[in-house]
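One structure is given here, and the rest of the page talks about it.
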Amino acid sequence: MAGGDTSAESKRGSSKNPKSSKDSNLKQKSPAEFFAENKNIAGFDNPGKSLYTTVRELVENALDSAESISQLPEVEITIEEIGKSKFNSMIGLVDRERVDEKLYDDYETVKAREKRLAKEARAQEIQAKNAASGKKVKEPAVSKVLKGRGEASYYKVTCKDNGKGMPHDDIPNMFGRVLSGTKYGLKQTRGKFGLGAKMALIWSKMSTGLPIEISSSMKGQSYVTFCRLDIDIHRNIPHVHLHEKKGNTERWHGAEIQVVIEGNWTTYRSKILHYMRQMAVITPYAQFLFRFISDTPEKNITIKFARRTDVMPPVPVETKHHPSSVDLLLIKRLIADTSKKTLLQFLQNEFVNINKSLAARLIGEMGPDFSPNMAVKSLTSQQMVRIHQLFRQAKFDDPSGDCLSPAGEYNLRLGVIKELHPDMVATYSGSAQVFEGHPFIVEAGVSLGGKDVKQGINIFRFANRIPLLFEQGGDVVTRTALKRINWSTYKINQTQDKIGVFISIVSTKIPFKGTGKEYIGDDISEIATAVKSAIQQCCNQLKSKIVKRIQAREQQERKRNLSRYIPDVSGAVYDVLKEMSREHATKKKRYSGEDALVLEKVSERLITKETLQEKLAKHVEQVDYEMALEYATQSGVSEEPREDIYIQQLDPKNHFVDFQSPAFVFRLIL
């Protein structure tokens with residue numbers, strides 16, 4: 001009975017196996033194939049965005065390459081427009097004239113066309129009636145018909161740098177194998193996915209079918225590597241067309257990458273130029289030469305962003321993981337990769353902020369199944385979970401920011417001044433702070449006025465020294481600047497002044513939101529607080545400058561108002577003195593002493609109206625200066641006076657002055 005059941009089950013099972021194998025739809029995709037199908041993850045949403053992202057990836061790789069050897073970057077980026085005929089000749093395709101023109105017309109059925117024409121006729125009648133009655137006439141709506149995608153536009157993008165170059169044998173894998181690279185350690189990097197130029201190559205293969213061309217030479221090499229390749233997307237391996245060495249007579253080092261892609265310069269022109277300008281702000285130690293070459297020479301563009309300083313930020317160094325930032329998978333990988341033998345050595349050497357004594361205390365807390373000298377490779381999965389739980393619960397010192405490479409206040413200020421030419425600018429660099437075990441530093445700059453700056457708040461965002469241009473609405477910087485800063489407190493008009501807000505965040509892990517690494521969310525309180533504090537520090541610096549400027553403006557206005565009455569006052573006083581001099585001369589009224597001397601000078605025209613006017617102007621100048629000095633002294637301003645002040649020595653004798661005497665009137669004027 002049992003045996004019969006077993007045989008029956010085996011028969012049923014054997015009858016199902018062939019069917020299940022036939023119906024199986026299990027497939028595998030290579031990383032290259034995944035990113036080709038989900039290219040929006042890497043910023044290749046459409047032809048225009050793809051052109052922008054290609055430029056961005058090549059420029060950032062060039063900067064990384066130069067900075068890694070402490071070389072002042074020199075980057076040349078060229079976008080060359082390629083017409084249809086030239087593109088066809090590049091791929092070996094002969095131009096062909098259109099034969100069936102109807103194939104290119106917008107598609108519409110006869111019934112749909114009749115319906116559309118009738119609707120348009122009724123709309124025209126209504127429009128004519130409204131026009132006759134004087135009512136406001138609306139533009140007729142444009143009917144939607146099925147359209148083709150239109151003719152593609154192609155561009156050759158070339159980027160040349162003076163960086164460290166690439167090893168000859170590594171170039172095919174560096175460009176033709178997705179998720180392979182040199183930036184996967186824990187350190188501050190511009191990249192995130194390790195795609196870079198690989199995604200540009202995938203987009204080139206999808207849109208043009210043309211390979212990428214790379215020329216590279218490392219410092220001190222006697223040859224230049226030239227490689228032409230594309231990528232086998234399904235197998236994620238490079239397909240090399242040509243890989244050779246050439247002579248390096250110019251002793252050049254660096255890389256030059258050339259790729260032909262479908263793009264849209266018209267819609268993304270402003271974004272690309274804005275990106276280059278912002279990159280020049282955050283890296284004033286770099287020199288950029290940007291060129292756009294069009295079929296129409298009038299549309300050609302050449303812009304040079306000159307270097308302003310030779311002070312470079314320190315090269316970011318790779319660091320170890322903080323215990324509170326690791327997950328279970330990372331602990332397992334670290335154990336698999338470590339060269340340390342014992343658990344004590346592993347904890348002490350693979351993590352930051354764990355010294356020998358703390359490692360021993362942690363092992364003691366793990367329980368009797370753990371010992372300092374136990375082999376780290378012998379840990380079971382359950383024991384690894386215990387380590388992970390302890391790392392999450394225990395308190396550790398925050399990691400330092402020594403591994404980070406911020407732009408620096410000096411470079412940020414120079415970059416803002418160089419590109420925006422503001423009336424005034426303030427910068428601030430905060431100390432290292434921590435979120436989820438990762439250190440980060442926030443640098444800020446706030447400017448007022450400037451070239452090509454709109455009224456209101458203009459926000460410039462940077463993450464690991466790269467500009468962020470898209471998805472600004474939900475970004476922590478935008479929300480903080482618009483909603484959490486009371487600009488009027490700092491004597492700044494949020495709507496009328498030209499305000500530039502520059503925030504640069506550097507970290508070993510930038511918490512980007514979304515797949516496009518274009519903005520930092522507003523949900524991390526540590527970053528939001530640091531951004532707000534940095535902006536406020538800059539605003540406090542600007543406030544003192546603005547107050548001084550307001551005081552100077554008020555002083556000028558007060559002086560202008562006083563000076564306006566000088567001619568009338570001096571004329572009136574001179575008329576009084578002339579009348580008194582006539583009385584003195586005709587002996588109607590006699591004056592003596594200083595009064596008589598003054599009146600005699602008036603009679604002899606040694607004192608004229610112009611004399612009084614000149615003396616009164618000097619008096620206004622002196623009084624105005626003394627009032628400003630008194631205010632500065634009361635306000636605690638440490639600024640020294642612009643000129644020496646001489647105070648007359650007090651006369652020990654008492655002098656009683658007759659306020660009606662002409663001498664007193666004259667001295668008052670003087």
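By order in the structure tokens, chains are A, B, ...; within a chain, residues start at 1; ligands start at 1, following the order shown.
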
Within stretch 217-409 of chain A, find each residue whose DSSP state, derived from the backbone, is strand (DSSP E), and express the selection as JSON, numbers by chain. {"A": [217, 223, 224, 225, 226, 227, 228, 229, 230, 231, 232, 237, 238, 239, 240, 241, 242, 243, 244, 245, 246, 247, 254, 255, 256, 257, 258, 259, 260, 261, 262, 287, 288, 289, 290, 291, 292, 293, 301, 302, 303, 304, 305]}

Create the file for the chosen residues now, containing C-alpha atoms and written as a compact mmCIF listing (two decimals), in the first residue's frame.
```
# COMPACT_ATOMS: atom_id res chain seq x y z
CA SER A 217 48.55 58.52 -20.32
CA TYR A 223 53.22 56.29 -24.41
CA VAL A 224 49.57 57.24 -24.80
CA THR A 225 46.93 54.53 -24.69
CA PHE A 226 44.21 54.73 -27.33
CA CYS A 227 41.15 52.55 -26.96
CA ARG A 228 37.95 52.34 -28.99
CA LEU A 229 35.26 50.15 -27.46
CA ASP A 230 31.61 49.60 -26.79
CA ILE A 231 29.80 47.34 -24.34
CA ASP A 232 28.07 43.99 -24.64
CA ILE A 237 31.66 42.92 -20.81
CA PRO A 238 33.65 45.34 -22.98
CA HIS A 239 33.77 44.89 -26.73
CA VAL A 240 37.15 46.29 -27.78
CA HIS A 241 37.54 47.55 -31.37
CA LEU A 242 41.07 48.90 -31.00
CA HIS A 243 43.50 49.00 -28.06
CA GLU A 244 46.99 50.27 -28.80
CA LYS A 245 49.90 52.35 -27.52
CA LYS A 246 51.12 55.50 -29.24
CA GLY A 247 54.11 57.73 -28.66
CA GLY A 254 45.55 62.75 -18.23
CA ALA A 255 42.60 61.44 -20.21
CA GLU A 256 40.56 62.48 -23.22
CA ILE A 257 37.15 60.85 -23.70
CA GLN A 258 35.01 61.23 -26.80
CA VAL A 259 31.47 59.92 -27.18
CA VAL A 260 28.70 60.52 -29.75
CA ILE A 261 25.17 60.54 -28.34
CA GLU A 262 21.66 61.69 -29.12
CA GLN A 287 40.28 76.06 -14.99
CA PHE A 288 37.45 75.17 -17.36
CA LEU A 289 37.23 75.78 -21.09
CA PHE A 290 33.78 75.11 -22.50
CA ARG A 291 33.00 75.12 -26.21
CA PHE A 292 29.84 74.49 -28.19
CA ILE A 293 30.38 74.06 -31.93
CA ILE A 301 29.93 79.40 -27.74
CA THR A 302 33.33 79.60 -26.05
CA ILE A 303 33.51 80.30 -22.32
CA LYS A 304 36.61 80.19 -20.16
CA PHE A 305 36.23 79.92 -16.41
```

Which residues are near A:Asn61? Cut-off 10 Å, only C-alpha atoms, ignore same chain within fewer than 6 positions. Put them as a short mmCIF file (atom, residue, chain, number, x, y, z; two decimals) with N, CA and C atoms, in the first residue's frame.
```
data_model
loop_
_atom_site.label_atom_id
_atom_site.label_comp_id
_atom_site.auth_asym_id
_atom_site.auth_seq_id
_atom_site.Cartn_x
_atom_site.Cartn_y
_atom_site.Cartn_z
N GLU A 67 42.56 65.93 -8.97
CA GLU A 67 42.69 66.16 -7.53
C GLU A 67 43.36 64.99 -6.82
N CYS A 159 35.85 65.43 -23.56
CA CYS A 159 36.34 65.97 -22.30
C CYS A 159 37.81 65.58 -22.14
N ASP A 161 41.40 66.22 -19.75
CA ASP A 161 41.88 66.70 -18.45
C ASP A 161 43.38 66.47 -18.33
N GLY A 163 44.70 64.92 -15.49
CA GLY A 163 44.73 64.10 -14.29
C GLY A 163 45.77 63.01 -14.34
N ARG A 190 32.63 62.10 -5.46
CA ARG A 190 31.61 62.81 -6.25
C ARG A 190 30.60 61.83 -6.81
N GLY A 191 31.02 60.62 -7.13
CA GLY A 191 30.12 59.64 -7.72
C GLY A 191 29.32 58.89 -6.67
N GLY A 196 29.33 56.67 -14.07
CA GLY A 196 30.17 57.62 -14.78
C GLY A 196 30.01 57.53 -16.28
N ALA A 197 31.17 57.41 -16.95
CA ALA A 197 31.18 57.38 -18.41
C ALA A 197 30.60 56.09 -18.95
N ALA A 255 43.51 62.26 -19.41
CA ALA A 255 42.60 61.44 -20.21
C ALA A 255 41.78 62.33 -21.12
#
```

May I have the residues within 7 Å of stretch 481-494 of chain A as a VMD selection string, using only C-alpha atoms and disregarding those fewer than 5 positions away in the same chain? chain A and resid 456 to 457 539 to 540 543 546

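Between atom CA of A:Leu414 and atom CA of A:Lys509 the interatomic distance comes to 26.6 Å.
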
Go through A:Asp170, A:Lys156, A:Leu390, A:Glu579 one by one, measure the shortest atom-to-atom distance of each to A:Glu213 using only C-alpha atoms, and give the residue with the smallest value. A:Lys156

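Proximity to A:Glu583 was assessed for A:Leu362, A:Ala128, A:Ala596, A:Val569 counting only C-alpha atoms; the smallest distance is recorded for A:Ala596.
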
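Shell of A:Leu343 at 6 Å, with only C-alpha atoms counted and residues fewer than 6 places along the chain excluded, is Pro372, Met374 and Val376 of chain A.
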
Each residue of stretch 396-495 of chain A with at least one atom at most 10 Å from stretch 310-323 of chain A should appear once, together with its nearest atom pair and the corresponding distance in Å (one decimal); atoms considered: only C-alpha atoms; ordering: chain, then increasing residue number; output as JSON lines.
```
{"residue": "A:Phe396", "atom": "CA", "partner": "A:Pro323", "partner_atom": "CA", "distance": 7.6}
{"residue": "A:Asp397", "atom": "CA", "partner": "A:His322", "partner_atom": "CA", "distance": 9.2}
{"residue": "A:Asp398", "atom": "CA", "partner": "A:His322", "partner_atom": "CA", "distance": 8.2}
{"residue": "A:Pro399", "atom": "CA", "partner": "A:His322", "partner_atom": "CA", "distance": 6.8}
{"residue": "A:Asp402", "atom": "CA", "partner": "A:Val317", "partner_atom": "CA", "distance": 8.3}
{"residue": "A:Cys403", "atom": "CA", "partner": "A:Val317", "partner_atom": "CA", "distance": 5.1}
{"residue": "A:Leu404", "atom": "CA", "partner": "A:Pro316", "partner_atom": "CA", "distance": 5.4}
{"residue": "A:Ser405", "atom": "CA", "partner": "A:Pro316", "partner_atom": "CA", "distance": 5.1}
{"residue": "A:Pro406", "atom": "CA", "partner": "A:Pro313", "partner_atom": "CA", "distance": 6.6}
{"residue": "A:Ala407", "atom": "CA", "partner": "A:Pro313", "partner_atom": "CA", "distance": 5.7}
{"residue": "A:Gly408", "atom": "CA", "partner": "A:Pro313", "partner_atom": "CA", "distance": 6.9}
{"residue": "A:Tyr410", "atom": "CA", "partner": "A:Val311", "partner_atom": "CA", "distance": 8.7}
{"residue": "A:Asn411", "atom": "CA", "partner": "A:Val311", "partner_atom": "CA", "distance": 7.6}
{"residue": "A:Glu436", "atom": "CA", "partner": "A:His322", "partner_atom": "CA", "distance": 9.0}
{"residue": "A:Gly437", "atom": "CA", "partner": "A:His322", "partner_atom": "CA", "distance": 5.6}
{"residue": "A:His438", "atom": "CA", "partner": "A:His322", "partner_atom": "CA", "distance": 7.2}
{"residue": "A:Pro439", "atom": "CA", "partner": "A:His322", "partner_atom": "CA", "distance": 9.5}
```

Next, dump the selected residues to file, keeping only C-alpha atoms, as a PDB file, in the first residue's frame.
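Result file part27.pdb:
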```
ATOM      1  CA  PHE A 396      30.293  55.321  20.622  1.00  0.00           C
ATOM      2  CA  ASP A 397      32.163  58.581  20.147  1.00  0.00           C
ATOM      3  CA  ASP A 398      31.255  60.431  16.959  1.00  0.00           C
ATOM      4  CA  PRO A 399      33.627  59.996  14.025  1.00  0.00           C
ATOM      5  CA  ASP A 402      39.410  64.391   9.219  1.00  0.00           C
ATOM      6  CA  CYS A 403      38.532  62.128   6.298  1.00  0.00           C
ATOM      7  CA  LEU A 404      36.428  64.835   4.621  1.00  0.00           C
ATOM      8  CA  SER A 405      37.559  67.383   2.059  1.00  0.00           C
ATOM      9  CA  PRO A 406      35.362  70.515   2.137  1.00  0.00           C
ATOM     10  CA  ALA A 407      35.946  73.330  -0.338  1.00  0.00           C
ATOM     11  CA  GLY A 408      36.987  75.692   2.470  1.00  0.00           C
ATOM     12  CA  TYR A 410      38.595  80.746   1.267  1.00  0.00           C
ATOM     13  CA  ASN A 411      37.755  78.863  -1.925  1.00  0.00           C
ATOM     14  CA  GLU A 436      23.744  57.700  11.347  1.00  0.00           C
ATOM     15  CA  GLY A 437      27.439  57.301  12.096  1.00  0.00           C
ATOM     16  CA  HIS A 438      28.587  59.274   9.033  1.00  0.00           C
ATOM     17  CA  PRO A 439      30.469  62.580   9.482  1.00  0.00           C
TER      18      PRO A 439
END
```

Counting only C-alpha atoms, which of A:Gly500, A:Pro73, A:Gly593, A:Pro567 gets nearest to A:Tyr285? A:Pro73

Find the distance between atom CA of A:Lys219 and atom CA of A:Met174 and write it in Å to one decimal. 18.5 Å

What's around A:Ser400 at 10 Å? Count only C-alpha atoms, leave out sequence neighbours fewer than 6 positions away in its own chain, and write the answer as a list of chain:residue names. A:Val352, A:Asn353, A:Ser431, A:Ala432, A:Gln433, A:Val434, A:His438, A:Pro439, A:Phe440
